[in-house]
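Participant: Here you go, my_file_2.csv (CSV, C-alpha atoms):
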chain,number,residue,atom,x,y,z
A,24,MET,CA,82.3,71.5,80.1
A,25,THR,CA,80.8,73.7,77.5
A,26,GLN,CA,79.7,77.2,78.4
A,27,SER,CA,76.0,77.2,79.3
A,28,LYS,CA,73.6,79.6,77.6
A,29,LEU,CA,71.1,79.3,80.5
A,30,LYS,CA,70.2,82.5,82.3
A,31,ARG,CA,71.4,82.5,85.9
A,32,GLY,CA,70.1,84.3,88.9
A,33,LEU,CA,72.1,86.5,91.3
A,34,GLN,CA,72.6,83.7,93.9
A,35,THR,CA,73.8,81.2,91.3
A,36,ARG,CA,76.1,83.8,89.8
A,37,THR,CA,77.5,84.5,93.2
A,38,VAL,CA,78.2,80.7,93.8
A,39,HIS,CA,79.5,80.2,90.3
A,40,ALA,CA,81.5,83.4,89.9
A,41,GLU,CA,83.5,84.0,86.8
A,42,ASP,CA,86.4,86.1,88.2
A,43,GLN,CA,88.5,88.0,85.7
A,44,ILE,CA,92.0,88.1,87.3
A,45,THR,CA,94.8,89.6,85.4
A,46,PRO,CA,97.5,86.9,85.0
A,47,GLY,CA,101.2,87.4,85.8
A,48,PHE,CA,101.0,88.2,89.5
A,49,GLU,CA,104.0,86.9,91.5
A,50,SER,CA,105.2,87.2,95.0
A,51,PHE,CA,107.6,85.5,97.4
A,52,SER,CA,104.9,83.9,99.5
A,53,THR,CA,103.3,80.5,98.8
A,54,PRO,CA,99.6,80.9,98.0
A,55,VAL,CA,97.2,79.6,100.6
A,56,THR,CA,94.9,77.0,99.0
A,57,ARG,CA,92.0,76.0,101.3
A,58,ALA,CA,89.9,73.0,100.3
A,59,SER,CA,87.8,70.1,101.4
A,60,THR,CA,86.3,69.3,98.0
A,61,VAL,CA,88.7,68.8,95.2
A,62,VAL,CA,87.0,69.3,91.8
A,63,PHE,CA,87.7,66.7,89.0
A,64,PRO,CA,87.4,67.7,85.3
A,65,ASP,CA,85.3,64.6,84.6
A,66,LEU,CA,84.3,61.2,86.0
A,67,ALA,CA,87.1,59.4,84.3
A,68,ALA,CA,89.7,61.5,86.2
A,69,MET,CA,87.9,60.8,89.4
A,70,ARG,CA,87.8,57.0,88.8
A,71,ALA,CA,91.5,56.9,87.8
A,72,LEU,CA,92.5,58.1,91.3
A,73,ASP,CA,95.2,56.1,93.1
A,74,TRP,CA,95.9,57.0,96.7
A,75,LYS,CA,99.5,55.8,96.3
A,76,ASN,CA,100.1,58.5,93.6
A,77,ASP,CA,101.4,61.6,95.4
A,78,ALA,CA,101.0,63.6,92.3
A,79,GLN,CA,97.2,63.3,92.2
A,80,TRP,CA,94.8,65.7,94.0
A,81,ARG,CA,92.1,63.7,95.8
A,82,TYR,CA,90.7,65.5,98.8
A,83,GLY,CA,91.7,68.5,100.8
A,84,LEU,CA,92.2,66.4,103.9
A,85,HIS,CA,95.1,64.6,102.2
A,86,ALA,CA,97.0,67.5,100.5
A,87,THR,CA,96.6,70.9,99.0
A,88,PRO,CA,99.2,72.8,97.0
A,89,THR,CA,100.1,74.7,100.2
A,90,SER,CA,100.6,71.6,102.4
A,91,LEU,CA,102.5,69.9,99.6
A,92,ALA,CA,104.9,72.8,99.3
A,93,LEU,CA,105.7,72.6,103.0
A,94,ALA,CA,106.1,68.8,102.9
A,95,GLN,CA,108.5,69.0,100.0
A,96,ARG,CA,110.6,71.7,101.7
A,97,LEU,CA,110.8,69.7,105.0
A,98,ALA,CA,111.9,66.6,103.2
A,99,ALA,CA,114.6,68.6,101.4
A,100,ILE,CA,115.9,70.0,104.7
A,101,GLU,CA,116.5,66.5,106.2
A,102,GLY,CA,117.6,64.8,103.0
A,103,GLY,CA,114.4,62.8,102.7
A,104,LYS,CA,112.3,62.0,99.7
A,105,HIS,CA,108.8,62.0,101.3
A,106,ALA,CA,107.1,63.9,104.0
A,107,LEU,CA,103.6,63.6,105.6
A,108,LEU,CA,102.1,66.4,107.7
A,109,GLN,CA,100.2,65.8,110.9
A,110,PRO,CA,98.4,68.3,113.2
A,111,SER,CA,101.1,68.0,116.0
A,112,GLY,CA,104.4,66.3,116.8
A,113,LEU,CA,102.5,63.7,118.9
A,114,SER,CA,100.2,63.0,116.0
A,115,SER,CA,103.3,62.2,113.9
A,116,ILE,CA,104.4,59.8,116.6
A,117,SER,CA,101.0,58.2,116.6
A,118,ASN,CA,101.1,57.9,112.8
A,119,VAL,CA,104.3,55.9,113.1
A,120,TYR,CA,102.8,53.5,115.7
A,121,PHE,CA,99.5,52.9,113.9
A,122,GLY,CA,101.1,52.6,110.5
A,123,LEU,CA,103.7,50.0,111.5
A,124,VAL,CA,102.7,48.2,114.7
A,125,LYS,CA,100.0,45.6,115.5
A,126,ALA,CA,99.0,43.4,118.3
A,127,GLY,CA,101.8,40.9,119.2
A,128,ASP,CA,104.6,43.2,118.0
A,129,ASP,CA,107.4,44.4,120.2
A,130,VAL,CA,108.6,48.1,120.4
A,131,LEU,CA,111.8,49.4,121.9
A,132,ILE,CA,111.8,53.0,123.3
A,133,PRO,CA,114.7,54.9,124.9
A,134,ASP,CA,114.4,55.8,128.5
A,135,ASN,CA,115.0,59.4,127.8
A,136,VAL,CA,112.1,59.7,125.3
A,137,TYR,CA,109.7,62.6,125.1
A,138,SER,CA,107.1,61.9,127.8
A,139,PRO,CA,104.0,61.7,125.6
A,140,ASN,CA,105.8,59.1,123.5
A,141,ARG,CA,106.3,57.1,126.6
A,142,ASP,CA,102.6,57.5,127.5
A,143,HIS,CA,101.7,56.4,123.9
A,144,GLY,CA,103.8,53.3,124.3
A,145,ASP,CA,102.2,52.4,127.7
A,146,TRP,CA,98.8,52.9,126.1
A,147,LEU,CA,99.7,50.4,123.3
A,148,ALA,CA,100.9,47.9,125.8
A,149,ARG,CA,97.9,48.2,128.0
A,150,ASP,CA,95.1,48.3,125.4
A,151,PHE,CA,96.4,47.0,122.1
A,152,GLY,CA,98.5,43.9,122.9
A,153,VAL,CA,101.8,45.4,121.9
A,154,THR,CA,104.9,44.7,124.0
A,155,VAL,CA,106.8,47.9,124.9
A,156,ARG,CA,110.2,47.8,126.5
A,157,TYR,CA,112.4,50.8,127.5
A,158,TYR,CA,116.2,50.7,127.0
A,159,ASP,CA,119.2,52.7,128.2
A,160,PRO,CA,119.7,55.5,125.6
A,161,LEU,CA,123.4,54.9,125.7
A,162,VAL,CA,123.2,51.2,124.9
A,163,GLY,CA,124.7,51.7,121.4
A,164,ALA,CA,125.4,48.5,119.6
A,165,GLY,CA,124.2,46.6,122.7
A,166,ILE,CA,120.7,47.1,121.3
A,167,ALA,CA,121.2,44.0,119.3
A,168,ALA,CA,120.8,41.9,122.4
A,169,LEU,CA,117.4,43.4,123.0
A,170,ILE,CA,116.0,42.8,119.6
A,171,GLN,CA,113.5,39.9,119.5
A,172,PRO,CA,111.9,38.0,116.6
A,173,ASN,CA,108.8,40.1,117.0
A,174,THR,CA,110.5,43.5,117.4
A,175,ARG,CA,109.1,45.8,114.7
A,176,LEU,CA,110.1,49.3,115.7
A,177,ILE,CA,113.0,51.0,117.6
A,178,TRP,CA,112.6,54.6,118.6
A,179,LEU,CA,115.5,56.9,119.1
A,180,GLU,CA,115.7,60.4,120.6
A,181,ALA,CA,119.1,62.1,120.2
A,182,PRO,CA,119.7,63.9,122.4
A,183,GLY,CA,116.9,63.3,124.9
A,184,SER,CA,114.9,66.5,125.1
A,185,VAL,CA,115.1,66.7,128.9
A,186,THR,CA,118.3,64.8,130.0
A,187,MET,CA,120.3,65.4,126.8
A,188,GLU,CA,122.1,62.0,126.4
A,189,VAL,CA,123.2,61.5,122.9
A,190,ALA,CA,122.8,58.0,121.5
A,191,ASP,CA,125.1,56.3,119.1
A,192,VAL,CA,122.6,56.4,116.3
A,193,PRO,CA,124.6,54.6,113.6
A,194,ALA,CA,125.3,51.7,116.0
A,195,ILE,CA,121.6,51.3,116.8
A,196,THR,CA,120.4,51.6,113.3
A,197,ALA,CA,123.0,49.2,112.0
A,198,ALA,CA,121.9,46.6,114.6
A,199,ALA,CA,118.3,47.2,113.6
A,200,ARG,CA,118.9,46.9,109.9
A,201,ALA,CA,120.7,43.6,110.4
A,202,ARG,CA,117.4,42.2,111.8
A,203,ASN,CA,115.1,44.1,109.5
A,204,VAL,CA,113.7,46.3,112.2
A,205,ILE,CA,112.5,49.8,111.4
A,206,THR,CA,114.0,52.8,113.3
A,207,ALA,CA,112.3,56.1,113.9
A,208,ILE,CA,113.9,59.1,115.5
A,209,ASP,CA,112.3,62.2,117.2
A,210,ASN,CA,114.7,64.7,115.5
A,211,THR,CA,112.9,67.8,116.8
A,212,TRP,CA,115.8,68.9,119.0
A,213,SER,CA,118.0,69.5,115.9
A,214,ALA,CA,115.1,70.6,113.6
A,215,GLY,CA,116.8,68.5,110.9
A,216,LEU,CA,119.5,71.2,110.6
A,217,ALA,CA,122.1,69.9,113.1
A,218,PHE,CA,121.6,66.2,112.5
A,219,ARG,CA,120.7,64.5,109.2
A,220,PRO,CA,119.1,61.2,110.3
A,221,PHE,CA,119.1,59.4,106.9
A,222,ASP,CA,122.9,59.8,106.6
A,223,HIS,CA,123.1,57.7,109.8
A,224,GLY,CA,120.8,54.8,108.9
A,225,VAL,CA,117.5,56.0,110.3
A,226,ASP,CA,114.3,55.0,108.5
A,227,ILE,CA,111.8,57.6,109.8
A,228,SER,CA,112.4,61.1,111.1
A,229,VAL,CA,109.7,62.7,113.2
A,230,GLN,CA,109.6,66.5,113.6
A,231,ALA,CA,107.4,68.7,115.9
A,232,LEU,CA,107.0,71.6,113.5
A,233,THR,CA,105.6,73.4,116.5
A,234,LYS,CA,109.1,74.2,117.5
A,235,TYR,CA,111.8,75.9,115.3
A,236,GLN,CA,110.0,75.5,112.0
A,237,SER,CA,107.1,77.6,113.4
A,238,GLY,CA,109.3,79.8,115.4
A,239,GLY,CA,106.4,81.8,116.8
A,240,GLY,CA,105.0,79.5,119.5
A,241,ASP,CA,101.6,79.8,117.8
A,242,VAL,CA,101.3,76.8,115.4
A,243,LEU,CA,100.8,73.1,116.2
A,244,MET,CA,102.0,70.7,113.5
A,245,GLY,CA,104.2,67.6,112.9
A,246,ALA,CA,105.8,65.7,110.1
A,247,THR,CA,107.1,62.2,109.3
A,248,ILE,CA,109.9,62.2,106.8
A,249,THR,CA,111.2,59.1,105.0
A,250,VAL,CA,113.4,58.0,102.1
A,251,ASP,CA,111.9,54.6,101.3
A,252,ARG,CA,108.7,54.8,99.2
A,253,GLU,CA,107.1,51.6,100.6
A,254,LEU,CA,107.6,52.9,104.2
A,255,HIS,CA,106.1,56.2,103.1
A,256,LEU,CA,103.0,54.5,101.7
A,257,LYS,CA,102.5,52.5,105.0
A,258,LEU,CA,102.5,55.8,106.9
A,259,LYS,CA,100.3,57.5,104.3
A,260,ALA,CA,97.7,54.7,104.4
A,261,ALA,CA,97.5,55.0,108.2
A,262,ARG,CA,97.2,58.7,108.1
A,263,MET,CA,94.5,58.5,105.5
A,264,ARG,CA,92.5,55.9,107.5
A,265,MET,CA,92.8,57.9,110.7
A,266,GLY,CA,91.6,61.1,108.9
A,267,ILE,CA,94.6,63.1,109.8
A,268,GLY,CA,95.0,66.4,108.1
A,269,VAL,CA,96.4,69.9,108.5
A,270,SER,CA,95.3,73.5,107.9
A,271,SER,CA,96.6,75.2,104.8
A,272,ASP,CA,96.6,78.4,106.9
A,273,ASP,CA,98.9,76.8,109.4
A,274,CYS,CA,101.1,75.5,106.6
A,275,SER,CA,101.4,79.0,105.3
A,276,LEU,CA,102.6,80.3,108.7
A,277,ILE,CA,105.4,77.7,108.8
A,278,LEU,CA,106.3,78.3,105.2
A,279,ARG,CA,106.8,81.9,106.1
A,280,SER,CA,109.1,81.0,108.9
A,281,LEU,CA,111.3,78.4,107.2
A,282,PRO,CA,113.6,80.8,105.4
A,283,SER,CA,114.8,82.3,108.7
A,284,MET,CA,115.0,79.0,110.6
A,285,GLN,CA,118.7,78.3,110.1
A,286,LEU,CA,119.6,81.8,111.2
A,287,ARG,CA,117.4,81.6,114.3
A,288,PHE,CA,118.7,78.2,115.2
A,289,ALA,CA,122.3,79.5,115.0
A,290,GLN,CA,121.4,82.4,117.3
A,291,HIS,CA,119.7,80.1,119.8
A,292,ASP,CA,122.8,77.9,119.7
A,293,ARG,CA,125.2,80.8,120.4
A,294,ALA,CA,123.3,82.2,123.3
A,295,ALA,CA,122.5,78.8,124.9
A,296,PHE,CA,126.1,77.7,124.7
A,297,GLY,CA,127.2,81.0,126.3
A,298,LEU,CA,124.8,80.7,129.2
A,299,ALA,CA,125.5,77.0,129.7
A,300,THR,CA,129.2,77.7,129.9
A,301,TRP,CA,128.6,80.4,132.5
A,302,LEU,CA,126.3,78.1,134.5
A,303,LYS,CA,129.0,75.5,134.7
A,304,SER,CA,131.0,78.0,136.9
A,305,ARG,CA,128.1,78.5,139.4
A,306,PRO,CA,128.4,76.8,142.8
A,307,GLU,CA,124.6,76.2,142.8
A,308,ILE,CA,124.8,73.9,139.8
A,309,ASP,CA,126.0,70.3,140.1
A,310,ALA,CA,126.0,69.5,136.4
A,311,VAL,CA,125.2,71.2,133.1
A,312,LEU,CA,123.7,68.9,130.5
A,313,HIS,CA,124.6,70.3,127.1
A,314,PRO,CA,125.7,67.9,124.4
A,315,ALA,CA,128.6,70.2,123.3
A,316,PHE,CA,130.3,69.8,126.7
A,317,SER,CA,132.7,66.9,127.0
A,318,ASP,CA,131.1,65.6,130.3
A,319,CYS,CA,127.6,65.3,128.8
A,320,PRO,CA,126.8,61.6,128.3
A,321,GLY,CA,127.2,60.8,124.6
A,322,HIS,CA,129.3,63.9,123.8
A,323,ALA,CA,131.6,61.9,121.5
A,324,PHE,CA,128.6,60.9,119.4
A,325,PHE,CA,127.4,64.5,119.3
A,326,LYS,CA,130.8,65.7,118.2
A,327,ARG,CA,130.9,63.0,115.5
A,328,ASP,CA,127.4,63.3,114.1
A,329,PHE,CA,126.0,66.8,114.9
A,330,THR,CA,126.8,70.3,113.5
A,331,GLY,CA,125.0,72.4,116.1
A,332,ALA,CA,122.9,72.4,119.3
A,333,GLY,CA,120.1,75.0,119.2
A,334,GLY,CA,118.7,76.6,122.3
A,335,LEU,CA,117.7,73.7,124.6
A,336,PHE,CA,119.8,72.4,127.5
A,337,SER,CA,119.4,71.3,131.1
A,338,VAL,CA,121.1,71.8,134.5
A,339,VAL,CA,121.1,69.8,137.7
A,340,PHE,CA,121.1,71.9,140.8
A,341,ASP,CA,123.1,70.9,143.9
A,342,SER,CA,121.2,68.4,146.0
A,343,ARG,CA,121.3,70.7,149.0
A,344,TYR,CA,118.4,72.7,147.4
A,345,SER,CA,114.9,71.3,147.9
A,346,ALA,CA,112.3,71.0,145.1
A,347,ALA,CA,110.4,73.9,146.7
A,348,GLN,CA,113.5,76.1,146.4
A,349,ILE,CA,114.0,75.2,142.8
A,350,ASP,CA,110.3,76.0,142.1
A,351,ALA,CA,110.9,79.4,143.8
A,352,PHE,CA,113.9,79.9,141.5
A,353,CYS,CA,111.9,79.1,138.4
A,354,GLU,CA,108.9,81.3,139.5
A,355,SER,CA,111.3,84.3,140.2
A,356,LEU,CA,112.6,84.5,136.7
A,357,GLU,CA,111.3,87.5,134.8
A,358,LEU,CA,112.4,86.8,131.2
A,359,PHE,CA,111.8,83.0,131.3
A,360,SER,CA,108.2,81.9,131.1
A,361,ILE,CA,107.1,78.6,132.6
A,362,GLY,CA,105.7,76.4,129.8
A,363,TRP,CA,106.3,73.4,127.6
A,364,SER,CA,107.2,73.5,123.9
A,365,TRP,CA,110.0,75.7,122.7
A,366,GLY,CA,111.5,76.9,119.4
A,367,GLY,CA,110.1,80.4,119.6
A,368,ALA,CA,111.5,83.8,120.5
A,369,HIS,CA,110.6,83.6,124.2
A,370,SER,CA,112.8,81.8,126.7
A,371,LEU,CA,111.3,79.1,128.8
A,372,VAL,CA,112.1,77.2,132.0
A,373,MET,CA,110.7,73.9,133.5
A,374,PRO,CA,111.8,71.8,136.5
A,375,TYR,CA,111.6,67.9,136.2
A,376,ASP,CA,111.7,65.0,138.6
A,377,VAL,CA,113.8,62.8,136.4
A,378,ALA,CA,114.0,59.8,138.7
A,379,SER,CA,110.2,59.4,138.4
A,380,MET,CA,110.5,59.4,134.6
A,381,ARG,CA,113.0,56.5,134.3
A,382,THR,CA,112.4,52.7,134.2
A,383,ALA,CA,115.5,51.3,132.4
A,384,ALA,CA,118.5,53.5,133.1
A,385,GLN,CA,119.3,54.7,136.6
A,386,TRP,CA,119.5,58.5,136.9
A,387,PRO,CA,122.9,59.4,138.4
A,388,HIS,CA,122.1,62.8,139.9
A,389,ARG,CA,120.4,63.6,143.2
A,390,GLY,CA,119.5,67.3,142.6
A,391,THR,CA,116.5,68.7,140.7
A,392,LEU,CA,116.9,69.1,136.9
A,393,VAL,CA,115.8,72.3,135.3
A,394,ARG,CA,115.5,72.6,131.5
A,395,PHE,CA,116.2,76.0,129.9
A,396,TYR,CA,115.2,77.0,126.5
A,397,ILE,CA,117.1,80.1,125.3
A,398,GLY,CA,115.0,82.3,123.1
A,399,LEU,CA,116.0,85.4,121.1
A,400,GLU,CA,116.4,87.9,124.0
A,401,GLU,CA,119.8,89.4,124.6
A,402,GLU,CA,122.1,86.9,126.3
A,403,ALA,CA,123.3,89.4,128.8
A,404,ASP,CA,119.8,90.1,129.9
A,405,LEU,CA,119.0,86.4,130.4
A,406,ARG,CA,122.2,85.9,132.3
A,407,ALA,CA,121.3,88.8,134.7
A,408,ASP,CA,117.9,87.4,135.2
A,409,ILE,CA,119.2,83.9,136.1
A,410,GLU,CA,121.9,85.5,138.4
A,411,GLN,CA,119.5,87.5,140.4
A,412,CYS,CA,117.2,84.5,140.8
A,413,LEU,CA,120.0,82.3,142.0
A,414,ALA,CA,120.0,84.6,145.1
A,415,VAL,CA,116.6,83.2,145.9
A,416,LEU,CA,118.2,79.8,146.7
A,417,ALA,CA,120.2,81.4,149.5
Show the structure stored in the file as structure tokens.

Facilitator:
Amino acid sequence: MTQSKLKRGLQTRTVHAEDQITPGFESFSTPVTRASTVVFPDLAAMRALDWKNDAQWRYGLHATPTSLALAQRLAAIEGGKHALLQPSGLSSISNVYFGLVKAGDDVLIPDNVYSPNRDHGDWLARDFGVTVRYYDPLVGAGIAALIQPNTRLIWLEAPGSVTMEVADVPAITAAARARNVITAIDNTWSAGLAFRPFDHGVDISVQALTKYQSGGGDVLMGATITVDRELHLKLKAARMRMGIGVSSDDCSLILRSLPSMQLRFAQHDRAAFGLATWLKSRPEIDAVLHPAFSDCPGHAFFKRDFTGAGGLFSVVFDSRYSAAQIDAFCESLELFSIGWSWGGAHSLVMPYDVASMRTAAQWPHRGTLVRFYIGLEEEADLRADIEQCLAVLA
């Protein structure tokens, strides 16, 4: 566009400002680019747009330089080639469902799945004509017997974010690939650091970036990460049609946290393992569910496929304690807050009635399960807090 010689009033000059910014500024932070409208140089460029071309800027809802930088870094962490951002982890799960499944299709979901994913599956079955079946997370290669001609998607969660069973992921994905069934894993527990899903045959990795990637307990976001371009485009088309987008400001907060994620994850892992080891010796505890322990279901697969464990594990209290007593224990803790989500600096605790959450695999324990998330407080202080609250049970 040629420079206009028209005189312009103050309001117009304010809207069409001609800023004089000295070039050459550099910093370590990724610039925050906010946009709804993307400006095209001419109509030919606008008409040449192709939504399949990830290198084109189309509309702020779909991508900005800030969100693209985050997507590329997340894909690199997990060994993927493509990443799409969504406003929450659950939104990422929804993106997978609506991008791949239609009425008449069949979906297999592990019995230890994240509860909102189970709710989503029940919703699809009730209102959208999709068959949803739940399977024992330890089924391994036996998943082949459950695959039907109309099975389109198999979910995995390894380990289960409450009960901590570790699935034999390569066995399940091999059975799925033999029947051309897509697999998706909720890989939030490992943050993509301790488990690389694409090395084990998984097609889609879902992350709740709300957790370790954010690290502050103050950002909601999710991601779907893939290697196959055609699968990426199916998810991208669904995301576009549902109008799913993310804030560049939120992307900037996660970009700021990513460089420290591996260091934080390692510290969470060390402290959680230390506390879990100590809890195994306590007479009040019937079982400690930590994948790094040999008696945790699926430990052999954890040892084979994972490189770390992060800060999340569960314990089962002795059945002599009532649910009310366990509630009193949780409420007596001073350094552990009661709340969902995790991945930040603050430790969390939450009791669960696991038997009411299962439909396919029988829960073997009678006592109440309590899930701990170990934050970045000093391990000795957290141990002292738990120890003084165990006295409440007496």

Participant: One number please: CA of Ser59 in chain A to CA of Tyr82 in chain A, in Å, one decimal.

Facilitator: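 Calculated distance between CA of Ser59 in chain A and CA of Tyr82 in chain A is 6.0 Å.
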
Participant: Just checking: using all atoms listed in the file, which residue out of A:Gln290, A:Thr330, A:Asn118, A:Thr247 ends up closest to Ala368 in chain A?

Facilitator: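 The answer is A:Gln290, which sits nearest to Ala368 in chain A.
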
Participant: Of the candidates A:Gln411, A:Thr206, A:Asn76, A:Gln95, which one gets nearest to Leu278 in chain A if we count only C-alpha atoms?

Facilitator: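 Among the listed residues, A:Gln95 lies closest to Leu278 in chain A.
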
Participant: Go through A:Phe395, A:Phe352, A:Phe329, A:Phe63 and flag the residue nearest Ala294 in chain A, using all atoms listed in the file for the distances.

Facilitator: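 Between A:Phe395, A:Phe352, A:Phe329, A:Phe63, the residue approaching Ala294 in chain A most closely is A:Phe395.
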
Participant: For Arg381 in chain A, please output as a ChimeraX atom specification all residues within 10 Å (counting all atoms listed in the file; exclusion window: fewer than 6 positions along the same chain).

Facilitator: /A:133-136,157-159

Participant: Would you export the selected residues with C-alpha atoms as an mmCIF file, in the frame of the given file, please?

Facilitator:
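Written output follows (part-v7.cif):
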data_model
loop_
_atom_site.group_PDB
_atom_site.id
_atom_site.type_symbol
_atom_site.label_atom_id
_atom_site.label_comp_id
_atom_site.auth_asym_id
_atom_site.auth_seq_id
_atom_site.Cartn_x
_atom_site.Cartn_y
_atom_site.Cartn_z
ATOM 1 C CA PRO A 133 114.700 54.900 124.900
ATOM 2 C CA ASP A 134 114.400 55.800 128.500
ATOM 3 C CA ASN A 135 115.000 59.400 127.800
ATOM 4 C CA VAL A 136 112.100 59.700 125.300
ATOM 5 C CA TYR A 157 112.400 50.800 127.500
ATOM 6 C CA TYR A 158 116.200 50.700 127.000
ATOM 7 C CA ASP A 159 119.200 52.700 128.200
#

Participant: Enter the distance from CA of Glu354 in chain A to CA of Gly240 in chain A, in Å, rounded to one decimal.

Facilitator: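 These two atoms are separated by 20.5 Å.
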
Participant: Pick the closest to Thr300 in chain A from A:Leu243, A:Leu254, A:Val225, A:Leu312: which is it, counting all atoms listed in the file?

Facilitator: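 Closest to Thr300 in chain A, using all atoms listed in the file: A:Leu312.
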
Participant: Please provide the set of residues having any atom within 12 Å of Ala414 in chain A, restricted to only C-alpha atoms, with same-chain residues fewer than 3 positions apart removed, written as a PyMOL selection string.

Facilitator: chain A and resi 305-307+348-349+351-353+355-356+407-411+417

Participant: Dig up all the protein and nucleic acid residues within 12 Å of (116.2, 54.5, 123.4) in the file frame, using all atoms listed in the file, and format them as JSON, numbers by chain.

Facilitator: {"A": [130, 131, 132, 133, 134, 135, 136, 137, 140, 141, 155, 156, 157, 158, 159, 160, 161, 162, 163, 164, 165, 166, 169, 176, 177, 178, 179, 180, 181, 182, 183, 188, 189, 190, 191, 192, 195, 196, 206, 207, 208, 209, 381, 382, 383, 384]}

Participant: Name the closest residue to Phe296 in chain A among the candidates A:Ile397, A:Val377, A:Ala217, A:Ala201; distances are taken between atoms, counting all atoms listed in the file.

Facilitator: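 Of A:Ile397, A:Val377, A:Ala217, A:Ala201, the one nearest Phe296 in chain A, counting all atoms listed in the file, is A:Ile397.
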
Participant: Can you measure CA of Ser271 in chain A to CA of Thr89 in chain A for me? One decimal in Å is fine.

Facilitator: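 Taking CA of Ser271 in chain A as the start and CA of Thr89 in chain A as the end point, the length is 5.8 Å.
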
Participant: Just the residues within 6 Å of Gly367 in chain A, please, counting all atoms listed in the file, with nothing from its chain fewer than 2 positions along; format it as a list in words.

Facilitator: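 Selected residues are Gly238, Gly239, Gly240, Trp365 and His369 of chain A.
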
Participant: Using only C-alpha atoms, which of the listed residues (A:Ile248, A:Met373, A:Val242, A:Ala68) sits closest to Ile277 in chain A?

Facilitator: A:Val242

Participant: Please tell me which residues are no farther than 7 Å from (86.6, 67.2, 96.5) in the file, counting all atoms listed in the file, and write them as a list of chain:residue names.

Facilitator: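 Those within range, by chain then number, are A:Ser59, A:Thr60, A:Val61, A:Val62, A:Arg81, A:Tyr82, A:Gly83.
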
Participant: If we count all atoms listed in the file, what is near Thr186 in chain A at a cut-off of 10 Å, once residues fewer than 5 positions away on the same chain are taken out, given as number ranges by chain?

Facilitator: A: 134-136, 311-314, 319-320, 336-339, 375, 377, 386, 392-394

Participant: Would you mind listing what lies within 10 Å of Arg252 in chain A as a list in words, with all atoms listed in the file counted and same-chain residues fewer than 6 positions away left out?

Facilitator: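 Once the adjacent positions are removed, what remains is Lys75, Lys104, His105 and Leu258 of chain A.
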